[in-house]
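Visitor: I'd like to ask you about the structure that follows.
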Amino acid sequence: MSAHTFVAYVEDKPGVLNRVASLFRRRAFNIESLTVGHTDQAGVSRMTIVVDTDDLGARRVEANLYKLVNVLRVDNVTAQPTVERDLALIKVTARNGKRAEILQLVDVYRARVVDVTNESLVVEITGTEDKIESMVDILRPFGIIEMVRTGIVSMTRGAQAVSANPPLVAAMIPELN
Amino acid sequence: MKLTGAKIIWECLLREGVDLVFGYPGGTILPTYDAMLDYPAIHHVLCRHEQGGTHMADAYARASGRVGVMFATSGPGATNTVTGLATAMMDSSPVVCITGQVPTALVGLDAFQETDVTGVTLPVTKHNYLVTHPEDIARTIREAFYIARTGRPGPVLVDITKDAQQKDTEFDWDSAEPHLPGYRPDLHALPEEYEKALNLIRSAKRPVILAGRGVLQSGAMRAVQEFAEKTNTPIALSLLGIGGIPANHPLNLGMMGMHGEAWVNHAIQQADLLLAFGMRFDDRVTGNVKTYAPKAQKIHIDIDPSEINKIVKVDVALVGDLCDVLQELMPRVQVGDHSEWIAHIDEMKGDAAVRDIQGLPDTGHLYAAHVINDLWRYTKGEALICTDVGQHQMWTAQYYKQNRPFNFITSGGLGTMGFGLPAAIGAKLARPDANVWSISGDGGFQMTLAELATAAQEGIKVNAAIINNGYLGMVRQWQEFFYDKRYAATPMLSPDFVKIAEAYGHKGIRVTQRSEVEDALREAEAYPGTVVIDFRVEKEDSVYPMVPAGADLHEMIRRPIPQNVMVENGGDAEWDISVK
């Protein structure tokens, strides 16, 4: 079992997210992270889905996603070189002269402070999951008041695009060992 | 042309070639029912419960190859279709179910008879829609029919709000073409996969074809038979594959799996190549997957790529329509000779005959298998048989030898009790000239017997055989084998089925002796209307052989050998009954 990352292009229609989420629940796959947003193409949304499963399970995920009528294209990008990003907003207590220390850490992590009050800071950090988790660990002793994360978005490196165009059939057959 | 949404629904159905629909009216579908009176070319069959109606539409589709259509109202009407939709989904049956929904302004407000029907039916449909604008109706219905019947067929539900049915809009069939960029029903296997498959076929010494419902769905009956004959490969059938190959074809071994004949399962376990044709390695077919066909390479032909490597890891996958794939393979496969292998399988049949219930002496007891065997003989194996679920279903699969396709309709995947009678009604309406029999147990029959009124109102003749053993027989059998005969909630009281039949205006016959069976069948067939025959069979009979759930496929519980029948190799340890 390991994390598998899928990029799925779906029709931007009501209920599509429900169809995808329901599929994972029904087939007993555990979603670690799911993000969805618009693409540059009207009517098409893009999902990044991270699932904890084995290789065979990953193939089943792919084949079953394809079975959904509203799903245009699915790519398992786990083994491909990708840029993965997660964004977190962390509201942290900053009292009694702790502010300078926090600002220093923010600098080290190349994060930003996006809100300041007498008692708190809101830190925005973008990066891989590991980087964000590391920052969270570092900030925890100061007192985290609230935190929100977007979940992972992923894009393959290089000039080639994972496009919404209907794929070759070959991509749809669960690969054989 | 400006029409109401309701009229557009019927205009679309006409253009989809629909002349018969099933349904049950109610508040939110009323505009559509009102418009129906303006479309006399489409006959509406009023079911007595939406589950029954959906089964009718399902069986109508299975018997005719057309799309079955079901109408229901919102809320309880729609939720009652769920069992029927799930049944159609599991057995890949093309059904379009159109449900009314509360007016758009009330959606989400817990209005009277409101249910989130697209939410409820999401996992039991191939696809579903909620339509809130009349201008979307035509395209949606066209898409629904297209999705239901193409690729791997399945049920599609279209939920249409009441206001969308009432409002006027421009109807233009031609411009309402399906737009489904993400739907690819037309898949083709890769050339290199064909090469791999051909190599495996060429080198196989002990091949077996596993034929499933895909054979019938694809219309590949002849293609499979020709392939089997050319390569000299024996064929095992799944429950839903029955009829795909004539039962009397010399290469047809019979049904495989949990209640398959011993030689069929042994052949699979000993095979060195399995050719899975439009089947999905259901757990009732494989038994313990870890020990399933351990020596066999596997070629899987299926139109649904998500079935590949789902249960059983295969060596070659040919994704596509079975007919197309076989057309590609046929000219390239060599003429085969597996007479040694087939002779070996024949040997395994050896003592099965003495265990066969047909060989049981007439002791005055009425055995279900006798009834079904007699029915088969009496109808010359040509009746269209619809079954319920349970022991009688397995006995029917074993003893009603089907030589023709599309003559055996049963709930395989979902195992839906109550399927048999409504299925028979749907099948009869699809094929009025067919001699249609439903075979049910006393339990399942009571689940949907209200549909006897549907048969009466339609004035159709179906023959309903009830295998009445006073138990939920299959569950009782499991309790006998696996729960120390603790018969929890399986003994079952039934009404007087003869009187029930008569109350609905049908004919009722009771049979308690083997000697009465044939007379009853003759009487039933001669009667012009619907007949119910209550066969009072042996109470604690079991279906053999049986592979216990999860056990190895070759670990079968065999029928005990009757004491008064001569058995030549009765001492052979391999044939001992291994009740666990």
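By convention in this document, the chains of the structure tokens carry letters A, B, ... by their order, each chain's residues are numbered from 1, and ligands are numbered from 1 in the order they are shown.
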Write out, as a Markdown table, each residue of stretch 419-491 of chain B that has an atom at most 9 Å from stretch 502-523 of chain B, together with the closest pair of atoms and their distance in Å to one decimal, counting only C-alpha atoms, rows going by chain and rising number.
Guide:
| residue | atom | partner | partner_atom | distance |
| --- | --- | --- | --- | --- |
| B:Ala450 | CA | B:Tyr504 | CA | 8.9 |
| B:Leu452 | CA | B:Tyr504 | CA | 6.5 |
| B:Ala453 | CA | B:Tyr504 | CA | 6.0 |
| B:Ala456 | CA | B:Gly505 | CA | 6.9 |
Visitor: Could you name the residues that touch stretch 130-138 of chain A at 8 Å or less, counting only C-alpha atoms, but leaving out those on the same chain fewer than 5 positions away, as an MDAnalysis selection string?
Guide: chainID A and resid 86:88 90 109 125
Visitor: If you count only C-alpha atoms, which residues fall within 10 Å of B:Phe171, apart from same-chain ones fewer than 4 positions away, as a PyMOL selection string?
Guide: chain B and resi 1-5+7-8+11-12+134-138+175-176
Visitor: Run DSSP on the backbone of this structure and report the residues of stretch 35-169 of chain A it assigns to strand (DSSP E or B), as a compact mmCIF listing (two decimals) with N, CA and C atoms, in the first residue's frame.
Guide:
# COMPACT_ATOMS: atom_id res chain seq x y z
N THR A 35 -8.76 17.18 -4.59
CA THR A 35 -8.97 18.60 -4.87
C THR A 35 -9.63 18.71 -6.23
N VAL A 36 -10.42 19.75 -6.39
CA VAL A 36 -11.10 19.94 -7.67
C VAL A 36 -11.16 21.43 -7.97
N GLY A 37 -10.98 21.76 -9.23
CA GLY A 37 -11.07 23.17 -9.63
C GLY A 37 -11.25 23.28 -11.12
N HIS A 38 -11.48 24.49 -11.57
CA HIS A 38 -11.69 24.74 -13.00
C HIS A 38 -10.38 24.55 -13.76
N VAL A 44 -14.92 22.04 -18.11
CA VAL A 44 -14.08 20.92 -17.69
C VAL A 44 -13.41 21.25 -16.37
N SER A 45 -13.55 20.36 -15.41
CA SER A 45 -12.87 20.51 -14.13
C SER A 45 -11.74 19.50 -14.03
N ARG A 46 -10.80 19.80 -13.16
CA ARG A 46 -9.66 18.91 -13.00
C ARG A 46 -9.57 18.50 -11.54
N MET A 47 -9.42 17.22 -11.34
CA MET A 47 -9.28 16.70 -9.98
C MET A 47 -7.89 16.12 -9.79
N THR A 48 -7.35 16.32 -8.61
CA THR A 48 -6.17 15.58 -8.21
C THR A 48 -6.60 14.70 -7.04
N ILE A 49 -6.45 13.40 -7.22
CA ILE A 49 -6.93 12.47 -6.20
C ILE A 49 -5.75 11.64 -5.70
N VAL A 50 -5.56 11.61 -4.41
CA VAL A 50 -4.52 10.77 -3.84
C VAL A 50 -5.20 9.63 -3.08
N VAL A 51 -4.82 8.41 -3.42
CA VAL A 51 -5.45 7.23 -2.84
C VAL A 51 -4.38 6.31 -2.28
N ASP A 52 -4.64 5.78 -1.11
CA ASP A 52 -3.72 4.82 -0.52
C ASP A 52 -4.14 3.43 -0.96
N THR A 53 -3.35 2.82 -1.84
CA THR A 53 -3.72 1.50 -2.35
C THR A 53 -2.47 0.83 -2.93
N VAL A 71 -16.53 11.35 -16.65
CA VAL A 71 -15.07 11.44 -16.54
C VAL A 71 -14.45 11.40 -17.94
N LEU A 72 -13.66 12.42 -18.23
CA LEU A 72 -13.10 12.56 -19.58
C LEU A 72 -11.76 11.85 -19.72
N ARG A 73 -10.93 11.97 -18.71
CA ARG A 73 -9.61 11.37 -18.81
C ARG A 73 -9.03 11.16 -17.42
N VAL A 74 -8.31 10.07 -17.27
CA VAL A 74 -7.67 9.78 -16.00
C VAL A 74 -6.21 9.44 -16.26
N ASP A 75 -5.32 9.99 -15.46
CA ASP A 75 -3.91 9.61 -15.54
C ASP A 75 -3.38 9.30 -14.16
N ASN A 76 -2.73 8.15 -14.06
CA ASN A 76 -2.03 7.84 -12.83
C ASN A 76 -0.64 8.45 -12.96
N THR A 82 6.52 14.84 -11.31
CA THR A 82 5.45 15.83 -11.18
C THR A 82 5.85 16.93 -10.22
N VAL A 83 5.16 18.02 -10.33
CA VAL A 83 5.22 19.07 -9.31
C VAL A 83 3.97 18.89 -8.47
N GLU A 84 4.17 18.69 -7.17
CA GLU A 84 3.02 18.53 -6.28
C GLU A 84 3.01 19.66 -5.28
N ARG A 85 1.87 20.24 -5.09
CA ARG A 85 1.78 21.35 -4.14
C ARG A 85 0.54 21.22 -3.27
N ASP A 86 0.76 21.64 -2.03
CA ASP A 86 -0.31 21.69 -1.05
C ASP A 86 -0.22 23.09 -0.47
N LEU A 87 -1.33 23.70 -0.14
CA LEU A 87 -1.28 25.04 0.47
C LEU A 87 -1.95 24.99 1.83
N ALA A 88 -1.30 25.61 2.82
CA ALA A 88 -1.89 25.64 4.16
C ALA A 88 -1.94 27.07 4.68
N LEU A 89 -3.00 27.39 5.39
CA LEU A 89 -3.07 28.63 6.17
C LEU A 89 -3.05 28.20 7.63
N ILE A 90 -2.09 28.75 8.36
CA ILE A 90 -1.94 28.35 9.77
C ILE A 90 -2.04 29.61 10.64
N LYS A 91 -3.04 29.62 11.50
CA LYS A 91 -3.20 30.74 12.45
C LYS A 91 -2.49 30.34 13.73
N VAL A 92 -1.49 31.14 14.09
CA VAL A 92 -0.65 30.73 15.21
C VAL A 92 -0.57 31.86 16.24
N THR A 93 -0.54 31.49 17.51
CA THR A 93 -0.44 32.48 18.59
C THR A 93 0.92 33.17 18.54
N ARG A 112 4.72 32.88 3.98
CA ARG A 112 4.39 34.30 4.07
C ARG A 112 3.43 34.52 5.23
N VAL A 113 3.50 35.73 5.77
CA VAL A 113 2.51 36.09 6.76
C VAL A 113 1.43 36.90 6.05
N VAL A 114 0.19 36.48 6.14
CA VAL A 114 -0.87 37.15 5.40
C VAL A 114 -1.85 37.88 6.30
N ASP A 115 -1.69 37.75 7.62
CA ASP A 115 -2.58 38.47 8.55
C ASP A 115 -1.85 38.61 9.88
N VAL A 116 -1.95 39.79 10.45
CA VAL A 116 -1.28 40.03 11.72
C VAL A 116 -2.26 40.69 12.68
N SER A 120 -1.89 37.22 17.17
CA SER A 120 -1.74 36.08 16.27
C SER A 120 -1.16 36.48 14.92
N LEU A 121 -0.73 35.44 14.21
CA LEU A 121 -0.29 35.59 12.82
C LEU A 121 -1.00 34.52 12.00
N VAL A 122 -1.30 34.84 10.73
CA VAL A 122 -1.74 33.79 9.82
C VAL A 122 -0.62 33.58 8.81
N VAL A 123 -0.12 32.34 8.78
CA VAL A 123 0.99 32.01 7.90
C VAL A 123 0.46 31.25 6.70
N GLU A 124 0.88 31.64 5.52
CA GLU A 124 0.52 30.91 4.30
C GLU A 124 1.76 30.18 3.82
N ILE A 125 1.62 28.89 3.62
CA ILE A 125 2.76 28.13 3.12
C ILE A 125 2.32 27.24 1.96
N THR A 126 3.14 27.22 0.93
CA THR A 126 2.87 26.38 -0.23
C THR A 126 4.04 25.43 -0.39
N GLY A 127 3.76 24.20 -0.73
CA GLY A 127 4.86 23.27 -0.94
C GLY A 127 4.38 21.85 -0.95
N ILE A 144 -1.02 26.50 17.75
CA ILE A 144 -1.80 26.67 16.52
C ILE A 144 -3.26 26.86 16.89
N ILE A 145 -3.83 27.97 16.44
CA ILE A 145 -5.23 28.27 16.76
C ILE A 145 -6.16 27.59 15.76
N GLU A 146 -5.76 27.61 14.51
CA GLU A 146 -6.61 27.08 13.44
C GLU A 146 -5.73 26.78 12.24
N MET A 147 -6.13 25.76 11.49
CA MET A 147 -5.34 25.46 10.30
C MET A 147 -6.25 24.95 9.19
N VAL A 148 -5.93 25.29 7.96
CA VAL A 148 -6.67 24.74 6.83
C VAL A 148 -5.68 24.40 5.72
N ARG A 149 -5.94 23.26 5.06
CA ARG A 149 -5.08 22.84 3.95
C ARG A 149 -5.93 22.54 2.71
N VAL A 153 -2.42 19.33 -5.15
CA VAL A 153 -2.64 19.46 -6.59
C VAL A 153 -1.35 19.03 -7.27
N SER A 154 -1.51 18.45 -8.44
CA SER A 154 -0.36 17.83 -9.07
C SER A 154 -0.34 18.13 -10.56
N MET A 155 0.87 18.31 -11.10
CA MET A 155 1.01 18.53 -12.54
C MET A 155 2.30 17.85 -12.99
N THR A 156 2.24 17.19 -14.15
CA THR A 156 3.46 16.54 -14.64
C THR A 156 4.44 17.59 -15.13
Visitor: Can you measure atom CA of B:Glu451 to atom CA of B:Asn463 for me? One decimal in Å is fine.
Guide: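 Going from atom CA of B:Glu451 over to atom CA of B:Asn463 covers 12.9 Å.
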Visitor: From the options B:Leu472, B:Ala148, B:Ala526, B:Ile245, which residue's atoms come nearest to A:Val69, counting only C-alpha atoms?
Guide: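 Using only C-alpha atoms, the shortest distance to A:Val69 belongs to B:Ala148.
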Visitor: Mind checking which residues fall within 9 Å of B:Thr118, counting only C-alpha atoms, ignoring those fewer than 4 positions away in the same chain, and posting them as a PyMOL selection string?
Guide: (chain A and resi 15) or (chain B and resi 122+128-130+157-159)
Visitor: Keeping C-alpha atoms, export the residues of the selection given above as a PDB file, in the first residue's frame.
Guide:
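The result, stored in out.pdb:
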ATOM      1  CA  GLY A  15     -23.120  15.879  -8.934  1.00  0.00           C
TER       2      GLY A  15
ATOM      3  CA  LEU B 122     -26.189   6.523  -8.026  1.00  0.00           C
ATOM      4  CA  ASN B 128     -28.472   8.912 -13.908  1.00  0.00           C
ATOM      5  CA  TYR B 129     -29.788  12.410 -14.496  1.00  0.00           C
ATOM      6  CA  LEU B 130     -31.785  15.073 -12.739  1.00  0.00           C
ATOM      7  CA  LEU B 157     -32.499   6.687 -14.422  1.00  0.00           C
ATOM      8  CA  VAL B 158     -33.861  10.049 -15.531  1.00  0.00           C
ATOM      9  CA  ASP B 159     -35.436  12.097 -12.733  1.00  0.00           C
TER      10      ASP B 159
END
Visitor: So, counting only C-alpha atoms, which residue among B:Arg280, B:His55, B:Lys485, B:Lys295 is closest to B:Ile311?
Guide: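 Counting only C-alpha atoms, the residue closest to B:Ile311 is B:Arg280.
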Visitor: Chain B near chain A within 7 Å: what's each residue's closest atom pair and its distance in Å to one decimal, counting only C-alpha atoms, ordered by chain then ascending residue number, as a tab-separated table?
Guide:
residue	atom	partner	partner_atom	distance
B:His127	CA	A:Val69	CA	6.9
B:Pro181	CA	A:Leu72	CA	6.6
B:Gly182	CA	A:Leu72	CA	4.2
B:Tyr183	CA	A:Val69	CA	5.0
B:Leu187	CA	A:Val169	CA	6.5
B:Pro305	CA	A:Ile173	CA	5.6
B:Ser306	CA	A:Ala63	CA	4.7
B:Ile308	CA	A:Pro174	CA	6.8
B:Lys310	CA	A:Arg60	CA	6.9
Visitor: What is the distance, in Å and to one decimal place, between atom CA of B:Asp19 and atom CA of B:His43?
Guide: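 Atom CA of B:His43 lies 6.0 Å from atom CA of B:Asp19.
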Visitor: Near B:Met90, within 10 Å and counting only C-alpha atoms, which residues show up once chain neighbours fewer than 5 positions away are dropped, as a list in words?
Guide: Leu85, Val124, Thr125, Lys126, Gly154, Pro155, Ser411, Gly412, Gly413, Leu414 and Gly415 of chain B
Visitor: Out of stretch 35-98 of chain B, which residues get alpha helix (DSSP H) from DSSP, as JSON, numbers by chain?
Guide: {"B": [35, 36, 50, 51, 52, 53, 54, 55, 56, 57, 58, 59, 60, 61, 62, 63, 64, 76, 77, 78, 79, 80, 82, 83, 84, 85, 86, 87, 88, 89, 90]}
Visitor: Do a neighbour search on B:Leu449 at 12 Å with only C-alpha atoms, toss out local chain neighbours closer than 6 positions, and write the hits as a count of residues only.
Guide: 32
Visitor: For B:Phe482, which residue out of B:Pro103, B:Pro207, B:Gly27, B:Pro548 is the nearest one, using only C-alpha atoms?
Guide: B:Pro548
Visitor: Which one is closest to B:Ala267: B:Glu16, B:Asp110, B:Glu555, B:Asp346? Count only C-alpha atoms.
Guide: B:Asp346
Visitor: What is the atom CA of A:Phe24-atom CA of B:Val289 distance in Å, reported with one decimal?
Guide: 23.2 Å
Visitor: Determine the nearest neighbour of B:Ala524 from the options B:Val107, B:Ala6, B:Ala465, B:Val215, counting only C-alpha atoms.
Guide: B:Ala465
